[in-house]
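Colleague: Mind looking over this structure? Questions follow.
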Amino acid sequence: MLKSNNIVLIGFMGVGKGSVAREVIKHSEYITLDTDDMIESMQNKKIKDIFEQDGESYFRKLESDVAKWLESSVKNTLISTGGGFYKQENLKKIGIVVLLDSPFEKIIKRIKHHPNAMKKLKKRPLLRDLKKAKELYDERRPEYLKIADIVIDVTKKSVLECSKELLKKVKAHA
Ligand code: S3P
């Protein structure tokens with residue numbers, strides 16, 4: 001069987017998966033896909049509206065449909081995922097799993113300092129209540145670390161530094 005050569009980027013909401021993915025493709029042959037964008041196109045609806053109108057479990061079902069399709073049909077791609085996508089059973093079959101890691105407080109600080117901070121918070125239903133979001137982070141972080149093949153601590157690093165580190169570590173892992 002051919003190796004997929006995909007990279008699956010996981011990590012908590014707001015850690016910078018999209019920004020790092022966009023930077024990596026500037027410095028490599030990868031193309032990029034984003035599971036949230038795919039779901040929004042499939043449904044012709046924003047993630048927050050899917051959560052509000054159809055519920056979180058419906059959203060998770062859509063994530064699993066996307067995961068199956070990625071495994072069967074996608075190669076040589078950097079796949080940026082939503083923060084809960086790491087739970088997909090076939091995650092490791094899709095590609096090499098890279099975690100972007102940072103403490104919760106730093107992630108929130110990063111979002112709040114962003115020029116589009118309000119938009120970034122609004123579009124993420126699970127970030128609206130920061131106490132609950134912290135609980136979710138504490139629950140998920142050990143699971144992220146367990147499933148990741150490669151971990152990149154993004155704290156205090158530029159997007160460019162993170163993207164270079166990612167490409168170096170992926171190459172060394174192959
Ligand atoms: C979620 C993260 C979001 C999005 C949805 C659920 C999660 O993506 O998939 O709101 O469960 O952590 P980002 O990680 O890109 O914010």
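Chains: A, B, ... in order of the structure tokens. Residues: from 1 per chain. Ligands: from 1, in order shown.
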Identify, counting only C-alpha atoms and all ligand atoms, the protein, DNA and RNA residues located within 10 Å of ligand 1, and give them as number ranges by chain.
Modeller: A: 10-18, 34-37, 39, 46-48, 50-51, 56, 59-60, 63, 80-87, 120-127, 133, 136-137, 140
Colleague: So which bits of stretch 46-160 of chain A end up helix (DSSP H, G or I) when you DSSP the backbone, as a PyMOL selection string?
Modeller: chain A and resi 47-54+56-73+85-87+91-94+104-113+117-122+125-127+130-147+159-160
Colleague: What are the closest atom pairs, with distances in Å to one decimal, for each residue of stretch 44-149 of chain A lying within 12 Å of stretch 19-24 of chain A, using only C-alpha atoms, rows by chain and rising residue number, as a tab-separated table?
Modeller:
```
residue	atom	partner	partner_atom	distance
A:Thr77	CA	A:Ala21	CA	10.2
A:Leu78	CA	A:Ala21	CA	6.8
A:Ile79	CA	A:Ala21	CA	7.9
A:Ser80	CA	A:Ala21	CA	6.6
A:Thr81	CA	A:Ala21	CA	10.1
A:Val98	CA	A:Ala21	CA	11.2
A:Leu99	CA	A:Val20	CA	11.4
A:Leu100	CA	A:Val20	CA	9.1
A:His114	CA	A:Ser19	CA	12.0
```
Colleague: Excluding A:Ser72 and its own-chain neighbours fewer than 4 positions away, which residues fall within 12 Å of it when counting only C-alpha atoms? Please give them as JSON, numbers by chain.
Modeller: {"A": [1, 2, 3, 4, 6, 65, 66, 67, 68, 90, 91, 93, 94, 95]}
Colleague: Store the residues picked out above, limited to N, CA and C atoms, as a PDB file, in the first residue's frame.
Modeller:
```pdb
ATOM      1  N   MET A   1       0.835  -1.212   0.000  1.00  0.00           N
ATOM      2  CA  MET A   1       0.000   0.000   0.000  1.00  0.00           C
ATOM      3  C   MET A   1       0.873   1.266   0.000  1.00  0.00           C
ATOM      4  N   LEU A   2       0.517   2.249  -0.776  1.00  0.00           N
ATOM      5  CA  LEU A   2       1.268   3.497  -0.819  1.00  0.00           C
ATOM      6  C   LEU A   2       1.123   4.264   0.491  1.00  0.00           C
ATOM      7  N   LYS A   3       2.219   4.874   0.928  1.00  0.00           N
ATOM      8  CA  LYS A   3       2.094   5.706   2.134  1.00  0.00           C
ATOM      9  C   LYS A   3       1.375   6.999   1.753  1.00  0.00           C
ATOM     10  N   SER A   4       0.549   7.508   2.670  1.00  0.00           N
ATOM     11  CA  SER A   4      -0.233   8.704   2.332  1.00  0.00           C
ATOM     12  C   SER A   4       0.620   9.973   2.313  1.00  0.00           C
ATOM     13  N   ASN A   6       0.627  12.208   4.331  1.00  0.00           N
ATOM     14  CA  ASN A   6      -0.092  13.366   4.876  1.00  0.00           C
ATOM     15  C   ASN A   6       0.474  13.752   6.237  1.00  0.00           C
ATOM     16  N   ASP A  65     -17.081  11.595   8.987  1.00  0.00           N
ATOM     17  CA  ASP A  65     -17.219  11.409   7.526  1.00  0.00           C
ATOM     18  C   ASP A  65     -15.986  11.970   6.815  1.00  0.00           C
ATOM     19  N   VAL A  66     -15.556  13.144   7.258  1.00  0.00           N
ATOM     20  CA  VAL A  66     -14.371  13.773   6.654  1.00  0.00           C
ATOM     21  C   VAL A  66     -13.139  12.887   6.877  1.00  0.00           C
ATOM     22  N   ALA A  67     -13.013  12.339   8.097  1.00  0.00           N
ATOM     23  CA  ALA A  67     -11.850  11.502   8.426  1.00  0.00           C
ATOM     24  C   ALA A  67     -11.781  10.284   7.505  1.00  0.00           C
ATOM     25  N   LYS A  68     -12.928   9.668   7.246  1.00  0.00           N
ATOM     26  CA  LYS A  68     -12.950   8.483   6.365  1.00  0.00           C
ATOM     27  C   LYS A  68     -12.518   8.871   4.955  1.00  0.00           C
ATOM     28  N   ASN A  90      -9.507   6.656  13.068  1.00  0.00           N
ATOM     29  CA  ASN A  90      -8.527   6.379  12.003  1.00  0.00           C
ATOM     30  C   ASN A  90      -7.472   7.481  11.863  1.00  0.00           C
ATOM     31  N   LEU A  91      -7.347   8.333  12.889  1.00  0.00           N
ATOM     32  CA  LEU A  91      -6.433   9.492  12.783  1.00  0.00           C
ATOM     33  C   LEU A  91      -5.041   9.103  12.274  1.00  0.00           C
ATOM     34  N   LYS A  93      -4.166   6.598  10.635  1.00  0.00           N
ATOM     35  CA  LYS A  93      -4.152   6.041   9.271  1.00  0.00           C
ATOM     36  C   LYS A  93      -4.183   7.161   8.230  1.00  0.00           C
ATOM     37  N   ILE A  94      -4.585   8.339   8.667  1.00  0.00           N
ATOM     38  CA  ILE A  94      -4.657   9.458   7.716  1.00  0.00           C
ATOM     39  C   ILE A  94      -3.245   9.987   7.439  1.00  0.00           C
ATOM     40  N   GLY A  95      -2.413  10.031   8.458  1.00  0.00           N
ATOM     41  CA  GLY A  95      -1.059  10.544   8.243  1.00  0.00           C
ATOM     42  C   GLY A  95      -0.291  10.676   9.552  1.00  0.00           C
TER      43      GLY A  95
END
```
Colleague: So how far away is atom CA of A:Glu165 from atom CA of A:Val8, in Å?
Modeller: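 Atom-to-atom, atom CA of A:Val8 to atom CA of A:Glu165, that is 15.0 Å.
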Colleague: Tell me, in Å to one decimal, how far atom CA of A:Val74 is from atom CA of A:Ser41.
Modeller: 17.1 Å
Colleague: Find the residues near A:Asp101: any atom within 6 Å, counting only C-alpha atoms, skip ones fewer than 3 places away on the same chain, and give them as a PyMOL selection string.
Modeller: chain A and resi 152-154
Colleague: Would you write out those residues with N, CA, C and O atoms, as an mmCIF file, in the first residue's frame?
Modeller:
```
data_model
loop_
_atom_site.group_PDB
_atom_site.id
_atom_site.type_symbol
_atom_site.label_atom_id
_atom_site.label_comp_id
_atom_site.auth_asym_id
_atom_site.auth_seq_id
_atom_site.Cartn_x
_atom_site.Cartn_y
_atom_site.Cartn_z
ATOM 1 N N ILE A 152 5.200 20.006 18.781
ATOM 2 C CA ILE A 152 5.890 21.286 18.613
ATOM 3 C C ILE A 152 5.345 22.251 19.650
ATOM 4 O O ILE A 152 4.145 22.549 19.667
ATOM 5 N N ASP A 153 6.241 22.711 20.533
ATOM 6 C CA ASP A 153 5.834 23.724 21.502
ATOM 7 C C ASP A 153 5.872 25.074 20.776
ATOM 8 O O ASP A 153 6.941 25.542 20.401
ATOM 9 N N VAL A 154 4.700 25.658 20.573
ATOM 10 C CA VAL A 154 4.648 26.886 19.765
ATOM 11 C C VAL A 154 4.830 28.157 20.602
ATOM 12 O O VAL A 154 4.923 29.248 20.057
#
```
Colleague: Could you tell me, as a list of chain:residue names, which residues of chain A DSSP assigns to strand (DSSP E) when given the backbone?
Modeller: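 DSSP on the backbone gives strand (DSSP E) at A:Ile7, A:Val8, A:Leu9, A:Ile10, A:Ile31, A:Thr32, A:Leu33, A:Asp34, A:Thr77, A:Leu78, A:Ile79, A:Ser80, A:Ile96, A:Val97, A:Val98, A:Leu99, A:Leu100, A:Asp101, A:Ile150, A:Val151, A:Ile152, A:Asp153.
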Colleague: Please determine, counting only C-alpha atoms, which residue among A:Trp69, A:Lys131, A:Lys156, A:Asp138 has the shortest atom-to-atom distance to A:Lys106.
Modeller: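 Closest to A:Lys106 of all the choices is A:Lys156.
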Colleague: In Å, with one decimal, what is the gap from atom CA of A:Asn76 to atom CA of A:Ile31?
Modeller: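 Result for atom CA of A:Asn76 versus atom CA of A:Ile31: 7.2 Å, one decimal.
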Colleague: Report as a CSV table (one decimal) with N, CA and C atoms, in the first residue's frame all protein, DNA and RNA residues lying within 8 Å of A:Ile147, evaluated on only C-alpha atoms, omitting residues in the same chain fewer than 2 positions from it.
Modeller:
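Output file around_1.csv is given in full below:
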```csv
chain,number,residue,atom,x,y,z
A,86,TYR,N,-8.9,15.1,16.8
A,86,TYR,CA,-8.0,14.0,17.2
A,86,TYR,C,-8.6,12.8,17.7
A,97,VAL,N,0.9,12.4,12.8
A,97,VAL,CA,0.2,13.3,13.6
A,97,VAL,C,1.1,14.3,14.3
A,143,GLU,N,-4.4,13.6,26.1
A,143,GLU,CA,-4.8,12.8,25.0
A,143,GLU,C,-4.1,13.2,23.7
A,144,TYR,N,-4.0,14.6,23.5
A,144,TYR,CA,-3.2,15.1,22.4
A,144,TYR,C,-1.8,14.5,22.4
A,145,LEU,N,-1.2,14.6,23.6
A,145,LEU,CA,0.2,14.2,23.7
A,145,LEU,C,0.4,12.7,23.4
A,149,ASP,N,2.6,12.0,17.0
A,149,ASP,CA,3.9,11.4,16.6
A,149,ASP,C,5.0,12.5,16.9
```
